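Engineer: Structure file my_file-v7.txt, compact mmCIF, C-alpha atoms, is pasted below:
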```txt
# COMPACT_ATOMS: atom_id res chain seq x y z
CA MET Y 1 -2.89 2.86 -21.72
CA ALA Y 2 -3.21 6.61 -22.09
CA LEU Y 3 -4.37 8.36 -18.94
CA LYS Y 4 -7.63 9.61 -20.49
CA ASN Y 5 -8.47 6.10 -21.68
CA LEU Y 6 -7.69 4.79 -18.20
CA LEU Y 7 -10.04 7.29 -16.63
CA ALA Y 8 -12.72 6.34 -19.16
CA LEU Y 9 -12.36 2.73 -18.06
CA VAL Y 10 -12.73 3.83 -14.43
CA VAL Y 11 -16.01 5.56 -15.28
CA LEU Y 12 -17.29 2.59 -17.29
CA LEU Y 13 -16.63 0.05 -14.55
CA GLY Y 14 -18.19 2.33 -11.98
CA VAL Y 15 -21.35 2.61 -14.10
CA VAL Y 16 -21.96 -0.98 -15.13
CA GLY Y 17 -20.67 -2.74 -12.01
CA VAL Y 18 -18.36 -5.75 -12.18
CA SER Y 19 -18.68 -8.74 -9.87
CA PHE Y 20 -15.55 -10.26 -8.34
CA GLY Y 21 -17.40 -13.14 -6.71
CA GLY Y 22 -19.01 -13.38 -3.30
CA ASP Y 23 -20.30 -10.12 -1.84
CA LEU Y 24 -17.69 -7.81 -3.42
CA TYR Y 25 -18.21 -6.06 -6.72
CA GLU Y 26 -17.38 -2.91 -8.65
CA GLY Y 27 -20.08 -0.27 -8.78
CA TYR Y 28 -21.41 -1.36 -5.38
CA TYR Y 29 -22.60 2.10 -4.36
CA ARG Y 30 -24.34 2.81 -7.63
CA TYR Y 31 -27.07 0.53 -6.36
CA ASN Y 32 -27.12 1.94 -2.83
CA ASN Y 33 -28.26 5.52 -3.50
CA CYS Y 34 -24.80 7.09 -3.61
CA PRO Y 35 -23.67 6.78 -7.25
CA GLN Y 36 -21.17 9.62 -6.84
CA MET Y 37 -19.38 7.89 -3.96
CA GLU Y 38 -16.23 6.89 -5.85
CA TYR Y 39 -15.99 10.27 -7.57
CA ILE Y 40 -16.08 11.99 -4.19
CA VAL Y 41 -13.35 9.71 -2.85
CA ARG Y 42 -11.20 10.46 -5.87
CA ASP Y 43 -11.71 14.23 -5.67
CA VAL Y 44 -10.82 14.43 -1.97
CA THR Y 45 -7.81 12.16 -2.42
CA TYR Y 46 -6.51 14.15 -5.39
CA HIS Y 47 -6.84 17.34 -3.35
CA TYR Y 48 -4.56 15.96 -0.65
CA ILE Y 49 -2.05 14.44 -3.09
CA TYR Y 50 -1.83 17.71 -5.02
CA LYS Y 51 -0.75 19.46 -1.81
CA ASP Y 52 1.59 16.65 -0.69
CA PRO Y 53 2.51 14.03 -3.35
CA THR Y 54 4.41 11.96 -0.74
CA LEU Y 55 1.04 11.00 0.74
CA ALA Y 56 0.52 8.63 -2.19
CA ALA Y 57 3.16 6.22 -0.92
CA ALA Y 58 2.00 6.75 2.66
CA LEU Y 59 -1.60 5.80 1.88
CA LEU Y 60 -0.57 2.78 -0.16
CA ARG Y 61 1.63 1.67 2.73
CA MET Y 62 -1.24 2.09 5.18
CA HIS Y 63 -3.46 -0.14 3.03
CA PHE Y 64 -0.71 -2.77 2.85
CA HIS Y 65 -0.11 -2.68 6.60
CA ASP Y 66 -3.81 -3.01 7.26
CA CYS Y 67 -4.27 -6.02 4.98
CA PHE Y 68 -1.28 -7.88 6.45
CA VAL Y 69 -2.78 -7.87 9.97
CA ARG Y 70 -6.15 -9.64 10.37
CA GLY Y 71 -6.83 -8.99 6.68
CA CYS Y 72 -8.19 -5.92 4.91
CA ASP Y 73 -10.61 -4.84 7.63
CA GLY Y 74 -9.60 -1.27 8.47
CA SER Y 75 -8.29 -2.31 11.88
CA VAL Y 76 -5.17 -0.17 11.42
CA LEU Y 77 -7.42 2.90 11.65
CA ILE Y 78 -8.62 2.10 15.18
CA LYS Y 79 -7.28 4.17 18.08
CA SER Y 80 -6.86 2.77 21.57
CA PRO Y 81 -6.86 4.86 24.78
CA ASN Y 82 -4.24 2.41 26.07
CA ASN Y 83 -2.01 2.76 22.99
CA ASP Y 84 -2.24 -0.96 22.33
CA ALA Y 85 -3.90 -1.01 18.90
CA GLU Y 86 -2.24 -1.90 15.58
CA ARG Y 87 -1.43 1.71 14.80
CA ASP Y 88 0.64 1.85 18.04
CA ALA Y 89 3.00 -0.94 16.89
CA VAL Y 90 6.51 0.20 15.97
CA PRO Y 91 6.15 -0.49 12.21
CA ASN Y 92 2.97 1.62 12.16
CA LEU Y 93 4.14 4.63 14.15
CA SER Y 94 5.35 6.25 10.93
CA LEU Y 95 2.08 5.71 9.04
CA ARG Y 96 0.61 8.92 7.62
CA GLY Y 97 -2.61 9.88 5.88
CA TYR Y 98 -5.30 9.06 8.44
CA GLU Y 99 -6.74 12.52 7.90
CA VAL Y 100 -7.43 11.71 4.24
CA VAL Y 101 -9.69 8.79 5.16
CA ASP Y 102 -11.39 10.89 7.85
CA THR Y 103 -12.07 13.71 5.39
CA VAL Y 104 -13.42 11.35 2.74
CA LYS Y 105 -15.79 9.86 5.31
CA SER Y 106 -16.96 13.32 6.40
CA VAL Y 107 -17.60 14.55 2.86
CA LEU Y 108 -19.49 11.38 1.96
CA GLU Y 109 -21.70 11.70 5.02
CA SER Y 110 -22.52 15.22 3.91
CA GLU Y 111 -23.18 14.31 0.28
CA CYS Y 112 -25.00 11.02 0.93
CA PRO Y 113 -26.64 11.45 4.35
CA GLY Y 114 -27.84 8.22 5.88
CA VAL Y 115 -26.56 6.08 3.03
CA VAL Y 116 -22.91 6.15 4.05
CA PHE Y 117 -23.64 4.95 7.56
CA PHE Y 118 -25.25 1.79 6.23
CA PHE Y 119 -23.18 1.10 3.14
CA CYS Y 120 -19.79 2.74 3.46
CA PRO Y 121 -17.34 0.88 5.75
CA ASN Y 122 -14.02 2.59 6.40
CA MET Y 123 -12.14 -0.38 4.91
CA ASN Y 124 -13.75 0.35 1.54
CA LEU Y 125 -12.62 3.96 1.86
CA LEU Y 126 -9.02 3.01 2.70
CA ALA Y 127 -8.84 0.66 -0.30
CA LEU Y 128 -10.22 3.33 -2.64
CA VAL Y 129 -8.06 6.12 -1.24
CA ALA Y 130 -4.90 4.01 -1.66
CA ARG Y 131 -5.81 3.24 -5.28
CA ASP Y 132 -6.72 6.82 -6.15
CA ALA Y 133 -3.60 8.19 -4.44
CA VAL Y 134 -1.40 6.07 -6.70
CA LEU Y 135 -3.43 7.09 -9.75
CA ALA Y 136 -3.01 10.74 -8.75
CA ILE Y 137 0.77 10.48 -9.23
CA LYS Y 138 0.24 8.79 -12.63
CA GLY Y 139 0.70 5.30 -11.27
CA PRO Y 140 -1.36 2.27 -12.35
CA TRP Y 141 -5.08 1.93 -11.75
CA TRP Y 142 -6.73 -1.24 -10.45
CA PRO Y 143 -10.36 -2.17 -9.78
CA VAL Y 144 -11.44 -2.05 -6.14
CA PRO Y 145 -14.44 -4.32 -5.57
CA LEU Y 146 -16.48 -3.03 -2.65
CA GLY Y 147 -18.75 -4.51 -0.01
CA ARG Y 148 -16.17 -5.04 2.75
CA ARG Y 149 -16.99 -4.52 6.42
CA ASP Y 150 -14.83 -3.17 9.24
CA GLY Y 151 -13.07 -5.30 11.83
CA ARG Y 152 -13.79 -4.90 15.53
CA VAL Y 153 -10.37 -5.98 16.81
CA SER Y 154 -7.03 -4.17 16.67
CA ASN Y 155 -4.13 -5.47 18.79
CA ILE Y 156 -0.59 -4.18 18.86
CA SER Y 157 0.68 -7.72 19.45
CA GLU Y 158 -0.69 -8.89 16.09
CA ALA Y 159 1.10 -6.26 13.99
CA ASN Y 160 3.75 -8.66 12.71
CA LEU Y 161 4.53 -7.11 9.36
CA PRO Y 162 7.16 -8.07 6.77
CA SER Y 163 10.42 -6.52 7.92
CA PRO Y 164 12.69 -4.32 5.77
CA PHE Y 165 15.53 -6.42 7.24
CA ALA Y 166 14.03 -9.81 6.29
CA ASN Y 167 15.63 -12.29 3.89
CA VAL Y 168 13.81 -13.65 0.87
CA THR Y 169 12.90 -16.95 2.52
CA THR Y 170 11.10 -15.15 5.34
CA LEU Y 171 9.41 -12.76 2.94
CA LYS Y 172 8.12 -15.58 0.75
CA LYS Y 173 6.58 -17.21 3.81
CA ASN Y 174 5.08 -13.90 4.97
CA PHE Y 175 3.33 -13.51 1.63
CA ALA Y 176 2.35 -17.16 1.27
CA ASP Y 177 0.66 -16.98 4.68
CA LYS Y 178 -1.62 -14.31 3.20
CA GLY Y 179 -2.38 -16.27 0.04
CA LEU Y 180 0.06 -14.22 -2.05
CA ASN Y 181 2.70 -15.79 -4.26
CA THR Y 182 6.31 -15.04 -5.13
CA LYS Y 183 5.36 -12.81 -8.03
CA ASP Y 184 3.13 -10.76 -5.73
CA LEU Y 185 6.09 -10.36 -3.36
CA VAL Y 186 8.32 -8.87 -6.03
CA VAL Y 187 5.62 -6.76 -7.62
CA LEU Y 188 4.31 -5.26 -4.38
CA SER Y 189 7.89 -4.61 -3.23
CA GLY Y 190 8.08 -2.44 -6.35
CA ALA Y 191 5.84 0.06 -4.53
CA HIS Y 192 9.04 1.15 -2.75
CA THR Y 193 9.91 3.16 -5.85
CA ILE Y 194 7.37 5.83 -4.88
CA GLY Y 195 8.20 5.87 -1.17
CA VAL Y 196 10.69 7.45 1.18
CA SER Y 197 12.51 6.13 4.22
CA SER Y 198 14.87 7.66 6.75
CA CYS Y 199 18.61 7.56 7.21
CA GLY Y 200 18.12 5.83 10.55
CA LEU Y 201 16.88 2.65 8.87
CA ILE Y 202 19.87 2.32 6.54
CA SER Y 203 22.70 3.79 8.65
CA ARG Y 204 24.07 0.45 9.78
CA ARG Y 205 23.81 -0.95 6.26
CA ILE Y 206 26.04 1.74 4.78
CA TYR Y 207 28.37 2.48 7.73
CA ASN Y 208 28.77 -0.55 9.98
CA PHE Y 209 27.10 -3.60 8.48
CA THR Y 210 29.16 -6.28 10.26
CA GLY Y 211 30.47 -4.10 13.08
CA LYS Y 212 33.75 -3.41 11.29
CA GLY Y 213 32.96 -0.05 9.72
CA ASP Y 214 31.92 -1.67 6.44
CA SER Y 215 28.90 -1.48 4.18
CA ASP Y 216 26.60 -4.26 3.01
CA PRO Y 217 28.29 -6.00 0.04
CA ALA Y 218 24.84 -6.53 -1.46
CA LEU Y 219 24.73 -2.78 -2.17
CA ASN Y 220 26.31 -1.20 -5.22
CA PRO Y 221 29.48 0.59 -3.92
CA GLU Y 222 28.65 3.69 -5.96
CA TYR Y 223 25.19 3.74 -4.45
CA VAL Y 224 26.72 3.51 -0.97
CA VAL Y 225 28.80 6.61 -1.71
CA GLU Y 226 25.65 8.40 -2.87
CA LEU Y 227 23.74 7.40 0.26
CA LYS Y 228 26.56 8.54 2.54
CA LYS Y 229 26.33 11.98 0.98
CA ARG Y 230 22.70 12.15 2.08
CA CYS Y 231 23.07 10.42 5.45
CA GLN Y 232 25.74 11.25 7.99
CA PRO Y 233 26.61 8.47 10.48
CA THR Y 234 24.51 9.94 13.28
CA ASP Y 235 21.63 11.15 11.09
CA VAL Y 236 18.42 9.25 11.82
CA THR Y 237 15.82 11.70 10.50
CA THR Y 238 16.71 12.81 6.96
CA SER Y 239 14.38 11.36 4.32
CA VAL Y 240 15.78 9.21 1.54
CA ASP Y 241 14.09 7.93 -1.60
CA MET Y 242 13.44 4.25 -0.98
CA ASP Y 243 14.61 3.34 -4.48
CA PRO Y 244 15.84 5.22 -7.52
CA THR Y 245 12.96 5.34 -10.00
CA ASP Y 246 14.94 3.36 -12.57
CA VAL Y 247 13.37 -0.02 -13.34
CA ASN Y 248 16.86 -1.52 -13.02
CA ALA Y 249 17.33 -0.36 -9.41
CA VAL Y 250 17.21 -3.73 -7.64
CA SER Y 251 19.13 -5.55 -10.39
CA GLU Y 252 21.85 -2.90 -10.12
CA LYS Y 253 22.04 -3.51 -6.35
CA LYS Y 254 20.42 -0.19 -5.52
CA GLY Y 255 17.59 -1.53 -3.38
CA LEU Y 256 17.54 0.63 -0.26
CA PHE Y 257 16.36 -2.08 2.13
CA ILE Y 258 17.73 -5.57 2.73
CA SER Y 259 14.24 -6.79 1.81
CA ASP Y 260 14.77 -5.26 -1.64
CA SER Y 261 18.29 -6.56 -2.20
CA THR Y 262 17.42 -10.07 -1.03
CA LEU Y 263 15.05 -10.48 -3.98
CA LEU Y 264 18.17 -11.21 -6.04
CA ASP Y 265 18.99 -14.19 -3.80
CA ASP Y 266 16.11 -16.40 -4.94
CA TRP Y 267 15.82 -17.80 -8.47
CA GLU Y 268 12.09 -17.05 -8.77
CA THR Y 269 12.24 -13.47 -7.55
CA ASN Y 270 15.45 -12.81 -9.47
CA LEU Y 271 13.94 -14.23 -12.66
CA TYR Y 272 11.00 -11.85 -12.46
CA ILE Y 273 13.32 -8.89 -11.86
CA GLN Y 274 15.54 -9.79 -14.82
CA LYS Y 275 12.47 -10.20 -17.01
CA GLN Y 276 11.29 -6.70 -16.08
CA VAL Y 277 14.76 -5.31 -16.81
CA LEU Y 278 14.80 -7.01 -20.21
CA LEU Y 279 11.34 -5.66 -21.07
CA ASN Y 280 12.00 -2.25 -19.49
CA GLY Y 281 9.16 -2.83 -17.05
CA PHE Y 282 6.62 -3.19 -19.86
CA TYR Y 283 4.24 -5.47 -17.93
CA PHE Y 284 4.93 -4.17 -14.45
CA ASN Y 285 1.92 -1.86 -14.12
CA LYS Y 286 -0.48 -4.64 -15.11
CA ASP Y 287 1.20 -7.08 -12.73
CA PHE Y 288 1.07 -4.49 -9.96
CA SER Y 289 -2.63 -3.92 -10.54
CA ASP Y 290 -3.32 -7.66 -10.46
CA SER Y 291 -1.39 -8.08 -7.20
CA MET Y 292 -3.17 -5.13 -5.59
CA VAL Y 293 -6.53 -6.72 -6.38
CA LYS Y 294 -5.32 -9.95 -4.74
CA LEU Y 295 -4.05 -8.04 -1.72
CA GLY Y 296 -7.44 -6.38 -1.36
CA PHE Y 297 -9.11 -9.77 -0.89
CA VAL Y 298 -6.92 -10.87 2.02
CA GLY Y 299 -9.12 -11.68 5.02
CA VAL Y 300 -12.06 -9.51 3.94
CA LEU Y 301 -15.18 -9.38 6.10
CA THR Y 302 -18.57 -9.44 4.35
CA GLY Y 303 -22.21 -10.18 5.08
CA ASP Y 304 -22.85 -10.09 8.83
CA GLN Y 305 -19.15 -10.25 9.73
CA GLY Y 306 -17.54 -7.27 11.43
CA GLU Y 307 -19.42 -3.96 11.45
CA ILE Y 308 -19.70 -0.58 9.75
CA ARG Y 309 -18.00 1.91 12.05
CA ASN Y 310 -19.68 5.24 12.71
CA GLN Y 311 -16.20 6.77 13.14
CA CYS Y 312 -13.09 5.62 11.33
CA ASP Y 313 -10.92 5.31 14.41
CA ARG Y 314 -13.15 3.49 16.90
CA VAL Y 315 -15.45 0.50 17.05
CA ASN Y 316 -19.16 1.09 17.59
```
Go ahead and render the structure in this file as structure tokens.
Structural biologist:
Amino acid sequence: MALKNLLALVVLLGVVGVSFGGDLYEGYYRYNNCPQMEYIVRDVTYHYIYKDPTLAAALLRMHFHDCFVRGCDGSVLIKSPNNDAERDAVPNLSLRGYEVVDTVKSVLESECPGVVFFFCPNMNLLALVARDAVLAIKGPWWPVPLGRRDGRVSNISEANLPSPFANVTTLKKNFADKGLNTKDLVVLSGAHTIGVSSCGLISRRIYNFTGKGDSDPALNPEYVVELKKRCQPTDVTTSVDMDPTDVNAVSEKKGLFISDSTLLDDWETNLYIQKQVLLNGFYFNKDFSDSMVKLGFVGVLTGDQGEIRNQCDRVN
């Protein structure tokens, strides 16, 4: 779909409202005296992405990390004076983009005084910001039904996220536990194509995989040579693209993480990858959008559950 047609669809859905069942629906704020809410979120998000396009992947990652712990409840945003909240867990220490959500909240409170406090939970903002950040770099759009409420609990001990070193069996279980299927696993792993990692996370894989000075045989040897040019053995800080942008990356054994490469080890995940290669990724954007909608429903709080935080990073 052409970008202008896609934006037209965004406007249309925001105007008419689309129910997704339960208490979540598109166009939620049109009926709560802040019809410009989603436009404001998009404008602020685009401003940040224009200055730093790498924030798109960072914000999408934050949304994913939030939904995989206690569900999509904004608990990853909460700060703890004891450094024992979700955001203090090792996998979350590298999260970026909190300031985008904070700024969106501030602008909305200015533009829709009083309304935002009652109708604008931070979890809704994080879901919208993640979507709009991806759209800002010409990625796919997906509907974000609103009406979520914020969680009150955020524990470092619960931040058990899918590991970049996990095998496909573990990953399938991780996703199944959240109500997501094998297709969702492969599709959402495709978000790695817009992200970056660091040499520290792949050093062992390319220099000393089994302790004998070797590289992981699951990696394309030519890709290993390329990675070694970017990452010296003791380099733990240099940024590396998480995947080449080619749709064939994983099938060509160029997945940066073990969790990417292992998708070739299972017949279901491999079949989906080969299908995308054959079709040159023709259906990927639609599949990604569908999986993002599913992700956004994981463990949502509605009605009288949770709360609406006055500040993004602390419970009331």
Engineer: Counting all atoms listed in the file, which residues have an atom no more than 12 Å from (2.5, 2.4, 12.1) in the file's coordinates? Please list them as a PyMOL selection string.
Structural biologist: chain Y and resi 58-59+61-66+69+75-79+83-98+156+159-161
Engineer: To one decimal place in Å, what is the distance between CA of Asn220 in chain Y and CA of Asn280 in chain Y?
Structural biologist: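 If I compute the distance from CA of Asn220 in chain Y to CA of Asn280 in chain Y, I get 20.2 Å.
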Engineer: For CA of Pro81 in chain Y and CA of Val104 in chain Y, determine how far apart the two atoms are, in Å to one decimal place.
Structural biologist: 23.9 Å
Engineer: Once 3 Å is added on each side, what centre and edge lengths in Å to one decimal does the axis-aligned box around all listed atoms of range 223-227 of chain Y have, as AutoDock Vina command-line options?
Structural biologist:
```
--center_x 26.3 --center_y 6.0 --center_z -2.1 --size_x 11.1 --size_y 10.9 --size_z 10.7
```
Engineer: Might you pull out every residue within 10 Å of Asp266 in chain Y, with all atoms listed in the file counted and same-chain residues fewer than 3 positions away left off, and present them as a compact mmCIF listing (two decimals) with C-alpha atoms, in the frame of the given file?
Structural biologist:
```
# COMPACT_ATOMS: atom_id res chain seq x y z
CA ASN Y 167 15.63 -12.29 3.89
CA VAL Y 168 13.81 -13.65 0.87
CA THR Y 169 12.90 -16.95 2.52
CA LYS Y 172 8.12 -15.58 0.75
CA THR Y 182 6.31 -15.04 -5.13
CA THR Y 262 17.42 -10.07 -1.03
CA LEU Y 263 15.05 -10.48 -3.98
CA THR Y 269 12.24 -13.47 -7.55
CA ASN Y 270 15.45 -12.81 -9.47
CA LEU Y 271 13.94 -14.23 -12.66
```
Engineer: Between Y:Lys212, Y:Cys199, Y:Glu99, Y:Ser291, single out the one closest to Phe175 in chain Y, counting all atoms listed in the file.
Structural biologist: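 Using all atoms listed in the file, the shortest distance to Phe175 in chain Y belongs to Y:Ser291.
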Engineer: Residues near range 234-240 of chain Y, anyone? I mean within 9 Å using all atoms listed in the file, not counting same-chain ones fewer than 6 positions away, as a list in words.
Structural biologist: Gly195, Val196, Ser197, Ser198, Cys199, Gly200, Leu201, Ile202, Ser203, Leu227 and Leu256 of chain Y
Engineer: Kindly give the distance, in Å, that separates CA of Asp43 in chain Y and CA of Arg152 in chain Y, rounded to a single decimal.
Structural biologist: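 Rounded to one decimal, the two atoms are 28.6 Å apart.
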Engineer: Point out the residue among Y:Leu301, Y:Ile273, Y:Val186, Y:Ala57 with the least atom-to-atom distance to Ala133 in chain Y, counting all atoms listed in the file.
Structural biologist: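 Of Y:Leu301, Y:Ile273, Y:Val186, Y:Ala57, the one nearest Ala133 in chain Y, counting all atoms listed in the file, is Y:Ala57.
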Engineer: Find the residue from Y:Ala130, Y:Met37, Y:Leu135, Y:Val100 that sits nearest to Cys112 in chain Y; use only C-alpha atoms when measuring.
Structural biologist: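 Of Y:Ala130, Y:Met37, Y:Leu135, Y:Val100, the one nearest Cys112 in chain Y, counting only C-alpha atoms, is Y:Met37.
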Engineer: Nearest to Arg42 in chain Y: which of Y:Glu158, Y:Ala127, Y:Pro113, Y:Gly151 is it, counting only C-alpha atoms?
Structural biologist: Y:Ala127
Engineer: Which residue gives the smallest distance to Val315 in chain Y among Y:Gly147, Y:Pro140, Y:Val153, Y:Cys34, with all atoms listed in the file counted?
Structural biologist: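 The shortest atom-to-atom distance to Val315 in chain Y comes from Y:Val153.
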Engineer: Identify which of the residues Y:Val44, Y:Asp184, Y:Glu252, Y:Phe284 lies closest to Gly139 in chain Y, counting all atoms listed in the file when measuring atom-to-atom distances.
Structural biologist: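 Looking at the shortest contact to Gly139 in chain Y, the residue is Y:Phe284.
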Engineer: Just the residues within 9 Å of Ile40 in chain Y, please, counting all atoms listed in the file, with nothing from its chain fewer than 5 positions along; format it as a ChimeraX atom specification.
Structural biologist: /Y:45,104,107-108,111
